[in-house]
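Source file: run.txt (compact mmCIF, C-alpha atoms and all ligand atoms)
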# COMPACT_ATOMS: atom_id res chain seq x y z
CA MET A 254 68.63 146.39 41.51
CA ALA A 255 68.60 146.37 37.69
CA ASP A 256 65.25 145.69 36.05
CA ASP A 257 64.81 143.51 32.97
CA GLY A 258 65.02 146.54 30.73
CA ASP A 259 68.47 147.33 32.13
CA ARG A 260 69.59 143.74 31.57
CA HIS A 261 68.54 143.85 27.95
CA ARG A 262 70.26 147.17 27.45
CA GLN A 263 73.39 145.71 29.01
CA SER A 264 73.25 142.65 26.72
CA ARG A 265 72.85 144.80 23.67
CA LEU A 266 76.24 146.37 24.42
CA PHE A 267 77.80 143.06 23.41
CA THR A 268 76.41 142.27 20.02
CA ASP A 269 78.29 141.01 17.00
CA ASP A 270 78.02 142.42 13.48
CA ASP A 271 74.66 140.65 13.00
CA GLY A 272 73.24 142.16 16.12
CA GLU A 273 73.43 138.81 17.98
CA PHE A 274 74.60 138.63 21.57
CA ASP A 275 78.38 138.05 21.59
CA ALA A 276 79.18 136.00 24.68
CA ASP A 277 82.91 135.93 23.91
CA ARG A 278 83.05 139.66 23.80
CA ALA A 279 81.13 139.98 27.02
CA ARG A 280 83.47 137.47 28.66
CA GLU A 281 86.47 139.41 27.39
CA GLU A 282 85.07 142.46 29.02
CA SER A 283 84.94 140.33 32.23
CA LEU A 284 81.22 140.56 32.64
CA PRO A 285 79.60 137.55 34.25
CA VAL A 286 77.91 135.45 31.59
CA GLU A 287 75.64 132.46 32.19
CA ASP A 288 74.02 130.51 29.34
CA GLY A 289 74.86 133.29 26.90
CA GLU A 290 73.26 135.99 29.07
CA VAL A 291 75.08 138.67 30.99
CA ILE A 292 74.30 138.21 34.67
CA ASP A 293 73.47 141.24 36.68
CA THR A 294 75.29 140.36 39.88
CA ASP A 295 73.05 142.79 41.77
CA ASP A 296 70.23 140.37 41.01
CA LEU A 297 71.86 137.48 42.85
CA ALA A 298 70.34 136.35 46.13
CA ASP A 299 72.43 136.55 49.30
CA HIS A 300 73.20 132.84 49.06
CA GLN A 301 74.44 133.12 45.48
CA ARG A 302 77.74 134.32 44.15
CA TYR A 303 79.19 134.49 40.70
CA VAL A 304 82.36 132.43 40.13
CA GLU A 305 84.29 133.78 37.21
CA GLY A 306 84.20 131.50 34.20
CA ARG A 307 82.06 128.91 36.02
CA GLY A 308 78.69 130.47 36.71
CA ILE A 309 76.60 131.00 39.81
CA TYR A 310 77.43 129.10 42.98
CA ASP A 311 74.76 128.59 45.62
CA GLU A 312 76.18 128.70 49.16
CA ARG A 313 73.44 126.29 50.25
CA ASN A 314 75.02 123.52 48.14
CA ARG A 315 75.85 120.66 50.53
CA VAL A 316 76.62 118.10 47.85
CA ASN A 317 79.58 119.57 45.98
CA ASP A 318 81.32 122.79 44.94
CA LEU A 319 79.68 122.99 41.52
CA THR A 320 77.89 126.01 40.12
CA GLY A 321 74.40 125.66 38.69
CA LYS A 322 75.79 125.33 35.20
CA GLU A 323 78.27 122.65 36.24
CA TRP A 324 75.61 120.84 38.29
CA LYS A 325 73.39 120.56 35.24
CA TYR A 326 76.16 118.75 33.39
CA ALA A 327 77.12 116.64 36.40
CA THR A 328 73.64 115.15 36.77
CA LYS A 329 73.88 113.47 33.37
CA SER A 330 73.26 109.78 33.93
CA VAL A 331 75.86 108.70 31.37
CA ILE A 332 79.55 109.50 31.52
CA ALA A 333 80.65 108.86 27.95
CA GLU A 334 84.36 109.22 28.27
CA GLY A 335 87.34 107.08 27.38
CA TYR A 336 90.37 107.66 29.55
CA PRO A 337 93.58 107.14 27.62
CA PRO A 338 96.37 105.39 29.50
CA ALA A 339 97.85 107.86 31.97
CA VAL A 340 99.15 108.17 35.50
CA GLN A 341 101.69 105.33 35.18
CA HIS A 342 99.05 103.14 33.56
CA ASP A 343 101.49 100.31 32.80
CA LEU A 344 102.39 100.00 36.42
CA ARG A 345 98.79 100.25 37.65
CA SER A 346 97.55 97.76 35.07
CA GLU A 347 99.39 94.95 36.87
CA HIS A 348 96.28 95.03 39.07
CA GLY A 349 93.82 94.39 36.23
CA GLY A 350 90.93 96.03 38.09
CA GLN A 351 92.29 99.58 38.28
CA LYS A 352 90.04 102.58 37.67
CA PRO A 353 91.07 105.70 35.77
CA PRO A 354 92.10 108.29 38.39
CA ARG A 355 90.56 111.09 36.31
CA LEU A 356 87.19 109.35 36.25
CA CYS A 357 87.47 109.04 40.04
CA ALA A 358 88.33 112.75 40.27
CA GLU A 359 85.21 113.52 38.21
CA LEU A 360 83.02 111.54 40.63
CA ILE A 361 84.74 113.03 43.66
CA GLY A 362 83.96 116.48 42.23
CA ARG A 363 80.28 115.54 41.87
CA PHE A 364 79.85 114.09 45.33
CA SER A 365 82.14 116.01 47.69
CA LYS A 366 83.49 119.42 48.51
CA ALA A 367 87.02 120.76 48.94
CA GLY A 368 88.50 119.63 52.25
CA ASP A 369 86.11 116.67 52.53
CA THR A 370 87.25 113.17 53.42
CA VAL A 371 86.99 110.40 50.84
CA LEU A 372 87.33 106.74 51.82
CA ASP A 373 87.98 103.79 49.51
CA PRO A 374 87.83 100.53 51.50
CA PHE A 375 88.90 98.47 48.44
CA ALA A 376 91.63 100.80 47.23
CA GLY A 377 93.63 98.54 44.89
CA VAL A 378 96.38 100.56 43.22
CA GLY A 379 94.73 103.81 44.22
CA GLY A 380 92.37 105.11 41.49
CA THR A 381 90.28 106.90 44.13
CA LEU A 382 93.29 108.18 46.08
CA LEU A 383 94.94 109.60 42.97
CA GLY A 384 91.62 111.12 41.88
CA ALA A 385 91.32 112.86 45.25
CA SER A 386 94.82 114.29 44.80
CA PHE A 387 93.97 115.56 41.32
CA CYS A 388 91.09 117.55 42.81
CA GLU A 389 93.61 119.87 44.44
CA HIS A 390 95.00 121.07 41.11
CA GLU A 391 92.29 120.17 38.61
CA GLY A 392 89.14 120.58 40.67
CA THR A 393 87.83 122.73 43.45
CA GLY A 394 90.39 121.65 46.06
CA LEU A 395 92.09 118.75 47.79
CA ARG A 396 90.11 116.02 49.47
CA GLU A 397 91.62 114.00 52.29
CA ALA A 398 91.81 110.43 51.02
CA ILE A 399 91.96 107.23 53.02
CA GLY A 400 92.32 103.81 51.40
CA PHE A 401 92.26 100.25 52.72
CA GLU A 402 93.89 97.44 50.78
CA ARG A 403 94.72 93.95 51.92
CA THR A 404 97.30 93.15 49.22
CA LYS A 405 100.67 94.70 50.00
CA ARG A 406 101.72 94.64 46.33
CA TRP A 407 98.91 97.01 45.33
CA ILE A 408 99.92 99.48 48.01
CA GLU A 409 103.52 99.36 46.83
CA ILE A 410 102.36 100.05 43.28
CA TYR A 411 100.28 103.03 44.43
CA GLU A 412 103.30 104.44 46.26
CA THR A 413 105.58 103.96 43.23
CA VAL A 414 102.97 105.53 40.93
CA LEU A 415 102.81 108.59 43.16
CA GLU A 416 106.59 108.84 43.36
CA ARG A 417 107.01 108.64 39.57
CA GLU A 418 104.14 111.02 38.87
CA ASN A 419 105.60 113.55 41.26
CA GLU A 420 109.06 113.22 39.73
CA GLU A 421 107.54 113.98 36.31
CA ARG A 422 105.47 116.84 37.71
CA ARG A 423 108.55 118.35 39.35
CA GLU A 424 110.37 118.23 36.00
CA ARG A 425 107.41 120.02 34.39
CA GLY A 426 107.37 122.59 37.20
CA GLU A 427 103.94 121.43 38.43
CA PRO A 428 103.01 121.09 42.11
CA PRO A 429 103.14 117.54 43.50
CA LEU A 430 100.14 115.29 44.08
CA ALA A 431 99.28 114.84 47.74
CA GLU A 432 99.73 111.38 49.20
CA GLY A 433 96.68 109.46 50.36
CA ASP A 434 96.58 107.64 53.67
CA VAL A 435 96.72 103.97 52.68
CA ARG A 436 96.19 101.39 55.38
CA HIS A 437 97.14 97.76 54.86
CA GLY A 438 94.71 95.09 56.02
CA ASP A 439 91.15 93.83 55.90
CA CYS A 440 88.63 96.64 55.44
CA ALA A 441 86.22 94.84 57.81
CA GLU A 442 88.72 95.47 60.61
CA LEU A 443 90.28 98.75 59.46
CA ILE A 444 86.87 100.46 59.34
CA ASP A 445 86.86 100.37 63.17
CA GLY A 446 89.65 102.98 63.07
CA VAL A 447 87.49 105.49 61.20
CA PRO A 448 85.30 107.63 63.47
CA ASP A 449 81.55 107.65 62.86
CA ASP A 450 80.25 110.38 60.50
CA SER A 451 83.78 111.41 59.52
CA VAL A 452 83.69 110.40 55.83
CA ASP A 453 81.91 112.61 53.28
CA LEU A 454 82.26 110.32 50.30
CA LEU A 455 82.86 106.60 50.15
CA LEU A 456 83.97 105.86 46.59
CA THR A 457 84.91 102.32 45.77
CA ASP A 458 85.07 99.53 43.30
CA VAL A 459 84.05 96.27 44.89
CA PRO A 460 85.97 93.00 44.54
CA TYR A 461 84.11 90.72 42.18
CA TRP A 462 82.51 87.42 42.62
CA HIS A 463 84.31 85.35 39.96
CA MET A 464 81.73 82.80 39.14
CA ASP A 465 83.56 81.33 36.24
CA GLU A 466 86.93 81.08 37.91
CA LEU A 467 85.37 79.49 40.94
CA GLU A 468 83.33 77.10 38.88
CA GLN A 469 86.28 76.27 36.72
CA THR A 470 88.40 75.53 39.78
CA ARG A 471 85.65 73.32 41.15
CA ASN A 472 85.21 71.55 37.82
CA GLU A 473 88.94 71.00 37.45
CA ARG A 474 89.03 69.56 40.93
CA ARG A 475 86.12 67.26 40.15
CA THR A 476 87.81 66.20 36.92
CA ARG A 477 91.01 65.41 38.79
CA GLU A 478 89.15 63.51 41.49
CA SER A 479 87.22 61.58 38.88
CA LYS A 480 90.41 60.62 37.02
CA LEU A 481 92.04 59.61 40.26
CA GLY A 482 88.96 57.51 40.98
CA SER A 483 89.34 55.53 37.75
CA PHE A 484 93.05 55.18 38.41
CA ASP A 485 92.21 53.56 41.66
CA GLY A 486 90.13 51.09 39.72
CA GLN A 487 86.91 52.46 41.14
CA ARG A 488 83.82 52.67 39.01
CA ASP A 489 83.32 56.38 38.61
CA GLY A 490 79.63 56.68 38.32
CA GLU A 491 80.05 60.46 38.02
CA THR A 492 81.41 61.42 34.66
CA ALA A 493 84.31 63.80 34.68
CA VAL A 494 83.07 67.29 34.22
CA ASP A 495 84.74 69.31 31.54
CA ALA A 496 85.73 72.79 32.42
CA ASP A 497 83.49 75.17 30.53
CA SER A 498 85.41 76.49 27.58
CA GLY A 499 82.93 78.92 26.06
CA PRO A 500 83.10 82.67 26.34
CA SER A 501 82.07 83.21 29.88
CA ASP A 502 80.93 86.60 30.93
CA GLY A 503 81.09 88.73 27.87
CA ASP A 504 83.85 91.27 28.22
CA SER A 505 83.81 91.46 31.91
CA THR A 506 86.87 89.33 32.50
CA SER A 507 88.84 90.32 29.42
CA GLU A 508 91.14 93.25 29.78
CA SER A 509 91.05 95.62 26.86
CA SER A 510 93.93 97.56 28.30
CA ASN A 511 96.11 94.59 27.41
CA GLY A 512 95.66 95.87 23.88
CA ASP A 513 94.97 92.62 22.08
CA ASP A 514 94.07 94.41 18.90
CA SER A 515 95.31 97.42 17.05
CA SER A 516 93.30 100.11 18.78
CA GLU A 517 94.92 102.33 21.37
CA PRO A 518 94.56 100.78 24.79
CA THR A 519 92.55 102.84 27.19
CA ASP A 520 92.64 103.14 30.93
CA VAL A 521 89.71 100.83 31.26
CA ASP A 522 89.27 98.09 33.67
CA ASP A 523 86.58 95.56 33.90
CA GLY A 524 86.83 94.84 37.58
CA SER A 525 88.86 91.74 36.94
CA GLU A 526 91.38 90.67 39.47
CA SER A 527 93.08 87.44 40.38
CA ALA A 528 91.11 84.68 42.07
CA GLU A 529 93.22 85.38 45.14
CA GLU A 530 91.81 88.90 45.36
CA SER A 531 88.29 87.91 44.45
CA GLY A 532 87.73 86.56 47.92
CA GLU A 533 86.22 83.53 49.39
CA TRP A 534 82.64 83.67 48.10
CA VAL A 535 81.41 80.46 46.59
CA THR A 536 78.00 81.63 45.47
CA LYS A 537 76.60 84.93 44.36
CA ALA A 538 74.44 84.97 47.48
CA ASP A 539 77.59 84.68 49.65
CA TRP A 540 79.23 87.53 47.79
CA LEU A 541 76.13 89.74 48.05
CA ALA A 542 75.68 89.03 51.75
CA ASP A 543 79.34 89.76 52.47
CA MET A 544 79.28 93.02 50.51
CA ALA A 545 76.02 94.16 52.09
CA GLY A 546 77.34 93.44 55.60
CA LYS A 547 80.51 95.39 54.86
CA PHE A 548 78.59 98.38 53.44
CA ALA A 549 76.30 98.42 56.47
CA ARG A 550 79.39 98.78 58.66
CA PHE A 551 81.09 101.31 56.31
CA THR A 552 77.98 103.49 56.41
CA ASP A 553 78.51 104.26 60.11
CA ALA A 554 81.63 106.17 59.05
CA VAL A 555 79.73 108.28 56.49
CA SER A 556 78.33 111.66 57.49
CA PRO A 557 74.56 112.21 57.19
CA ASP A 558 75.01 114.43 54.09
CA GLY A 559 77.51 112.05 52.55
CA HIS A 560 77.34 109.67 49.61
CA VAL A 561 78.39 106.12 48.90
CA VAL A 562 79.40 105.56 45.29
CA VAL A 563 80.17 102.07 43.99
CA PHE A 564 81.55 100.88 40.66
CA ILE A 565 80.12 97.55 39.57
CA GLY A 566 80.08 95.89 36.16
CA ASP A 567 77.41 93.43 35.07
CA MET A 568 78.29 90.07 33.54
CA TYR A 569 77.10 87.75 30.85
CA ARG A 570 77.26 84.10 31.75
CA GLU A 571 75.75 80.84 30.56
CA GLN A 572 73.49 82.51 28.02
CA SER A 573 72.13 84.99 30.43
CA TYR A 574 72.77 88.46 31.75
CA GLU A 575 73.89 88.67 35.37
CA PHE A 576 72.51 91.96 36.61
CA LEU A 577 75.12 92.22 39.38
CA SER A 578 74.64 95.96 39.74
CA ALA A 579 70.91 95.58 40.41
CA ASP A 580 71.49 92.63 42.74
CA LEU A 581 74.15 94.52 44.66
CA ALA A 582 72.09 97.73 44.85
CA ARG A 583 69.04 95.93 46.24
CA THR A 584 71.04 93.88 48.72
CA ILE A 585 72.93 96.92 50.01
CA GLU A 586 69.68 98.91 50.28
CA SER A 587 68.04 96.14 52.25
CA THR A 588 70.96 95.80 54.68
CA ALA A 589 72.59 99.21 55.06
CA PRO A 590 70.78 102.48 55.88
CA LEU A 591 71.33 103.66 52.31
CA THR A 592 68.96 104.72 49.53
CA LEU A 593 69.86 104.28 45.88
CA ALA A 594 69.82 107.78 44.37
CA ALA A 595 71.13 106.99 40.90
CA ASN A 596 72.72 104.47 38.64
CA LEU A 597 75.23 106.29 36.49
CA ILE A 598 76.62 104.55 33.47
CA TRP A 599 80.26 104.93 32.62
CA TYR A 600 80.35 104.26 28.88
CA ASP A 601 83.80 103.94 27.44
CA PRO A 602 83.52 104.66 23.71
CA THR A 603 87.10 103.54 23.10
CA LYS A 604 86.73 100.07 24.54
CA ASP A 605 87.65 97.25 22.16
CA LEU A 606 84.79 95.18 20.80
CA HIS A 607 84.97 91.41 20.55
CA VAL A 608 82.70 89.11 18.56
CA TYR A 609 80.73 86.99 20.95
CA GLY A 610 77.94 84.66 19.97
CA TYR A 611 77.99 85.43 16.23
CA PRO A 612 75.99 84.33 14.28
CA PHE A 613 73.81 82.33 16.62
CA SER A 614 73.22 84.20 19.78
CA PHE A 615 73.17 87.79 20.94
CA VAL A 616 75.87 88.31 23.54
CA PRO A 617 76.52 91.89 24.63
CA SER A 618 79.95 93.44 24.36
CA MET A 619 80.20 95.21 27.67
CA VAL A 620 81.43 98.73 27.07
CA HIS A 621 79.91 100.17 30.20
CA GLN A 622 80.06 99.89 33.93
CA ASN A 623 77.50 100.95 36.49
CA VAL A 624 78.21 103.51 39.16
CA LEU A 625 75.70 103.10 41.97
CA VAL A 626 75.10 106.28 43.94
CA PHE A 627 73.60 105.94 47.40
CA ARG A 628 72.80 108.59 49.95
CA LEU A 629 72.18 108.00 53.61
CA GLU A 630 68.61 107.13 54.41
CA ASP A 631 66.61 110.27 54.82
CA GLU A 632 65.88 111.25 58.37
CA GLY A 633 62.95 113.50 57.89
CA GLU A 634 64.32 115.86 55.28
CA SER A 635 63.50 115.73 51.60
CA GLY A 636 66.15 115.47 48.90
CA GLY A 637 63.98 117.54 46.55
C1 LIG A 701 88.20 96.04 42.13
S1 LIG A 701 89.63 96.24 43.06
C2 LIG A 701 89.77 97.99 43.29
C3 LIG A 701 90.63 98.67 42.27
C4 LIG A 701 90.81 100.15 42.51
N1 LIG A 701 89.60 100.88 42.21
C5 LIG A 701 91.96 100.75 41.70
O1 LIG A 701 91.80 101.75 41.02
O2 LIG A 701 93.03 100.15 41.75
C6 LIG A 701 89.19 95.65 44.64
C7 LIG A 701 90.35 95.60 45.62
O3 LIG A 701 89.85 95.25 46.89
C8 LIG A 701 90.85 94.50 47.56
N2 LIG A 701 90.16 93.77 48.64
C9 LIG A 701 89.31 92.72 48.51
N3 LIG A 701 88.81 92.37 49.72
C10 LIG A 701 89.35 93.22 50.64
C11 LIG A 701 89.22 93.36 52.03
N4 LIG A 701 88.42 92.56 52.73
N5 LIG A 701 89.91 94.36 52.64
C12 LIG A 701 90.71 95.19 51.93
N6 LIG A 701 90.89 95.09 50.59
C13 LIG A 701 90.22 94.11 49.95
C14 LIG A 701 91.46 93.63 46.49
O4 LIG A 701 92.77 93.23 46.85
C15 LIG A 701 91.43 94.57 45.29
O5 LIG A 701 92.66 95.22 45.12
Written as C-alpha cells, that's how I'd like the structure from this file.
Amino acid sequence: MADDGDRHRQSRLFTDDDGEFDADRAREESLPVEDGEVIDTDDLADHQRYVEGRGIYDERNRVNDLTGKEWKYATKSVIAEGYPPAVQHDLRSEHGGQKPPRLCAELIGRFSKAGDTVLDPFAGVGGTLLGASFCEHEGTGLREAIGFERTKRWIEIYETVLERENEERRERGEPPLAEGDVRHGDCAELIDGVPDDSVDLLLTDVPYWHMDELEQTRNERRTRESKLGSFDGQRDGETAVDADSGPSDGDSTSESSNGDDSSEPTDVDDGSESAEESGEWVTKADWLADMAGKFARFTDAVSPDGHVVVFIGDMYREQSYEFLSADLARTIESTAPLTLAANLIWYDPTKDLHVYGYPFSFVPSMVHQNVLVFRLEDEGESGG
C-alpha cells in the first residue's frame, strides 16, 4: 500500500511548467484522478473501484450507479437546466403536460441502477419511458420501463415518437431506443398487474387539479342557468356570475413551449392538460385524497430500497400562492408508507417570463417545478 509520501511523489510527476499539478496530463497518462489528485488504486477499500473518467464507485451503493464525484453533483437540490425542444417535441407537445425525456433520464440516473424497473402510472406521451431508454446509451444502462396511460392518443404519440426517433438514429448509425411497456387504462386498475416490490423507481408527473377550469365551467353553467331563468320570466335572485377573467394561476397553465414570444421555445411543460385529462376532482381536497389513495396503492409495487419521485408545479390563484407540492407531499406522507426525502427544484432558466400583476401586485412568474422525492418508510435501518 502506498503511503502519503508515495502519493505526493506520484502527483509531482504530473506538474505543469509552474510546478502545479496537471490533471489533464495525469489523465492522458491514464492514471486515475479524482478532484485533481491522482488516486492510488491500491488505497481503495475492497468495496471501492475506480471507474475510468468517472471516479470511485462504491459497491455498497444501493441507490444508483453513480461514483462519489457524480453523487456529490446529483444531490444538488436545484436542477438549473433548460431542455431545448428535442425528441419529436412538436409531436409530444400536443399533450401540453409533457416532460423533457432528458430530465427524466437525469432523475432515473439519480434514483435507480442499470437493469432496474421504472414505473410511470401517469405516462402521458412517455417522458419517463423515453428517459429510461436514453439511460441505455447515455447513462449507466437500460432500465425496464412500464407506463400506464388512460388516453389512447397519448400512447399513439409515444409510439410514433419512438418510431421517428429510431428512424433518425438508424440514419445516424446510432443504436435504437428500447421500447417501453405501455399499458392502456386506468392506473388504479392496472397497478394490480404489477407484482409487489418489483418496481425500483416510480417516476411520474401527476394529473393536475384544474381549479380555474373547473370553476370557470361551473361559473359558465351558473351564468347560463341564470340567463335561462330570466328568459323563463323568473325573478333570478342570484345574479349571474361572471367567469373570472384575470390571470389565474401565474404561469402554471400557460405553455411557454407554444412560443408566444421571440425566445426559443424550450421543452418545458407546466403540467397543463385538457380538462378531460385533469380528472373528476371538484375540490383540491378531492384531488389530494385521490392522489394519496393511488400512491398508497402504487407503493406496494415499489421495492423496499426504491424511490417514488413526483413532478408537481405550484400555482398562483386568486391573489395567493397554492402550495400544491407541499399539500401533495404531506397528504401522500400521511396516507402512503412513504417519507419525503427531498424536494428538488427544476429551474428552467430559458422559460419565458410574462408580466403578471404589474404595477400593483406581486405575482410570481413560475419558472420552476418541484420534484418530490420519497423513499419507503424506514423499517429499522437508518438512511444516514
Ligand atoms: C401530467 S400528465 C403526464 C405527462 C408525462 N410526464 C409526459 O411526459 O408526457 C398526466 C397523465 O396522466 C394521465 N392520467 C390521468 N389519470 C389517469 C389514470 N387514472 N390512469 C392512467 N392515466 C391517467 C393523463 O391522461 C395524462 O396524460
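One finds atom CA of Cys357 of chain A at 5.4 Å from atom CA of Thr381 of chain A.
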**Item:** Neighbourhood of ligand LIG 701 (chain A) at 9 Å, counting only C-alpha atoms and all ligand atoms, reported as an NGL selection string
**Value:** :A and (345-346 or 348-354 or 357 or 373-383 or 400-405 or 407-408 or 411 or 436-443 or 456-461 or 522-527 or 529-532 or 547 or 564-565)
**Message:** Could you tell me how far atom CA of Glu409 of chain A sits from atom CA of Arg422 of chain A, in Å to one decimal place?
**Reply:**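 Rounded to one decimal, the two atoms are 19.8 Å apart.
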**Contacts of Arg417 of chain A at 8 Å (all atoms listed in the file; same-chain gap of 4+ positions) as a ChimeraX atom specification** = /A:341,413,421
**Message:** What does the structure give for the distance between atom CA of Val435 of chain A and atom CA of Gly362 of chain A, in Å to one decimal?
**Reply:**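 So the answer is 20.7 Å.
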**Prompt:** Which of these, A:Val304, A:Val555, A:Ala582, A:Ile410, has the shortest distance to Leu344 of chain A once you count only C-alpha atoms?
**Reply:** A:Ile410
**Request:** Choose the residue, out of A:Thr370, A:Ser556, A:Asn317, A:Ser573, that has the smallest atom-to-atom separation from Gly392 of chain A; count all atoms listed in the file.
**Result:** A:Asn317
Could you give me the centre and size, in Å to one decimal, of an axis-aligned box around all listed atoms of segment 580-593 of chain A with 4 Å added on every side, as lines of an AutoDock Vina configuration file?
center_x = 71.1
center_y = 98.7
center_z = 49.3
size_x = 14.1
size_y = 20.1
size_z = 21.1
Please export segment 406-456 of chain A as an mmCIF file, in the first residue's frame, restricted to C-alpha atoms.
data_model
loop_
_atom_site.group_PDB
_atom_site.id
_atom_site.type_symbol
_atom_site.label_atom_id
_atom_site.label_comp_id
_atom_site.auth_asym_id
_atom_site.auth_seq_id
_atom_site.Cartn_x
_atom_site.Cartn_y
_atom_site.Cartn_z
ATOM 1 C CA ARG A 406 -53.983 9.265 -28.215
ATOM 2 C CA TRP A 407 -51.025 9.820 -25.872
ATOM 3 C CA ILE A 408 -49.931 6.226 -26.271
ATOM 4 C CA GLU A 409 -50.117 6.537 -30.044
ATOM 5 C CA ILE A 410 -47.978 9.668 -29.879
ATOM 6 C CA TYR A 411 -45.386 7.909 -27.713
ATOM 7 C CA GLU A 412 -45.222 5.058 -30.229
ATOM 8 C CA THR A 413 -44.855 7.446 -33.185
ATOM 9 C CA VAL A 414 -42.165 9.433 -31.337
ATOM 10 C CA LEU A 415 -40.185 6.258 -30.747
ATOM 11 C CA GLU A 416 -40.589 5.155 -34.361
ATOM 12 C CA ARG A 417 -39.407 8.514 -35.731
ATOM 13 C CA GLU A 418 -36.547 8.805 -33.256
ATOM 14 C CA ASN A 419 -35.339 5.346 -34.170
ATOM 15 C CA GLU A 420 -35.568 6.088 -37.887
ATOM 16 C CA GLU A 421 -33.371 9.157 -37.338
ATOM 17 C CA ARG A 422 -30.981 7.210 -35.116
ATOM 18 C CA ARG A 423 -30.668 4.479 -37.741
ATOM 19 C CA GLU A 424 -29.772 7.110 -40.349
ATOM 20 C CA ARG A 425 -27.104 8.465 -37.995
ATOM 21 C CA GLY A 426 -25.804 4.949 -37.359
ATOM 22 C CA GLU A 427 -26.833 5.062 -33.677
ATOM 23 C CA PRO A 428 -28.388 2.129 -31.815
ATOM 24 C CA PRO A 429 -32.174 2.288 -31.411
ATOM 25 C CA LEU A 430 -34.013 3.328 -28.257
ATOM 26 C CA ALA A 431 -35.679 0.441 -26.462
ATOM 27 C CA GLU A 432 -39.461 0.434 -26.357
ATOM 28 C CA GLY A 433 -41.214 0.835 -23.025
ATOM 29 C CA ASP A 434 -44.110 -1.360 -21.978
ATOM 30 C CA VAL A 435 -47.115 0.967 -22.195
ATOM 31 C CA ARG A 436 -50.417 -0.286 -20.867
ATOM 32 C CA HIS A 437 -53.681 1.425 -21.746
ATOM 33 C CA GLY A 438 -56.199 2.002 -18.969
ATOM 34 C CA ASP A 439 -56.786 3.382 -15.506
ATOM 35 C CA CYS A 440 -53.675 3.215 -13.325
ATOM 36 C CA ALA A 441 -55.863 2.354 -10.307
ATOM 37 C CA GLU A 442 -56.707 -0.935 -12.023
ATOM 38 C CA LEU A 443 -53.505 -1.570 -13.980
ATOM 39 C CA ILE A 444 -51.392 -1.411 -10.809
ATOM 40 C CA ASP A 445 -52.917 -4.776 -9.808
ATOM 41 C CA GLY A 446 -50.908 -6.344 -12.650
ATOM 42 C CA VAL A 447 -47.583 -5.216 -11.171
ATOM 43 C CA PRO A 448 -46.157 -7.612 -8.570
ATOM 44 C CA ASP A 449 -45.367 -6.259 -5.106
ATOM 45 C CA ASP A 450 -41.793 -4.980 -4.593
ATOM 46 C CA SER A 451 -40.997 -5.283 -8.307
ATOM 47 C CA VAL A 452 -40.512 -1.582 -9.114
ATOM 48 C CA ASP A 453 -37.275 0.187 -8.165
ATOM 49 C CA LEU A 454 -38.299 3.685 -9.157
ATOM 50 C CA LEU A 455 -41.731 5.177 -9.603
ATOM 51 C CA LEU A 456 -41.222 8.402 -11.553
#
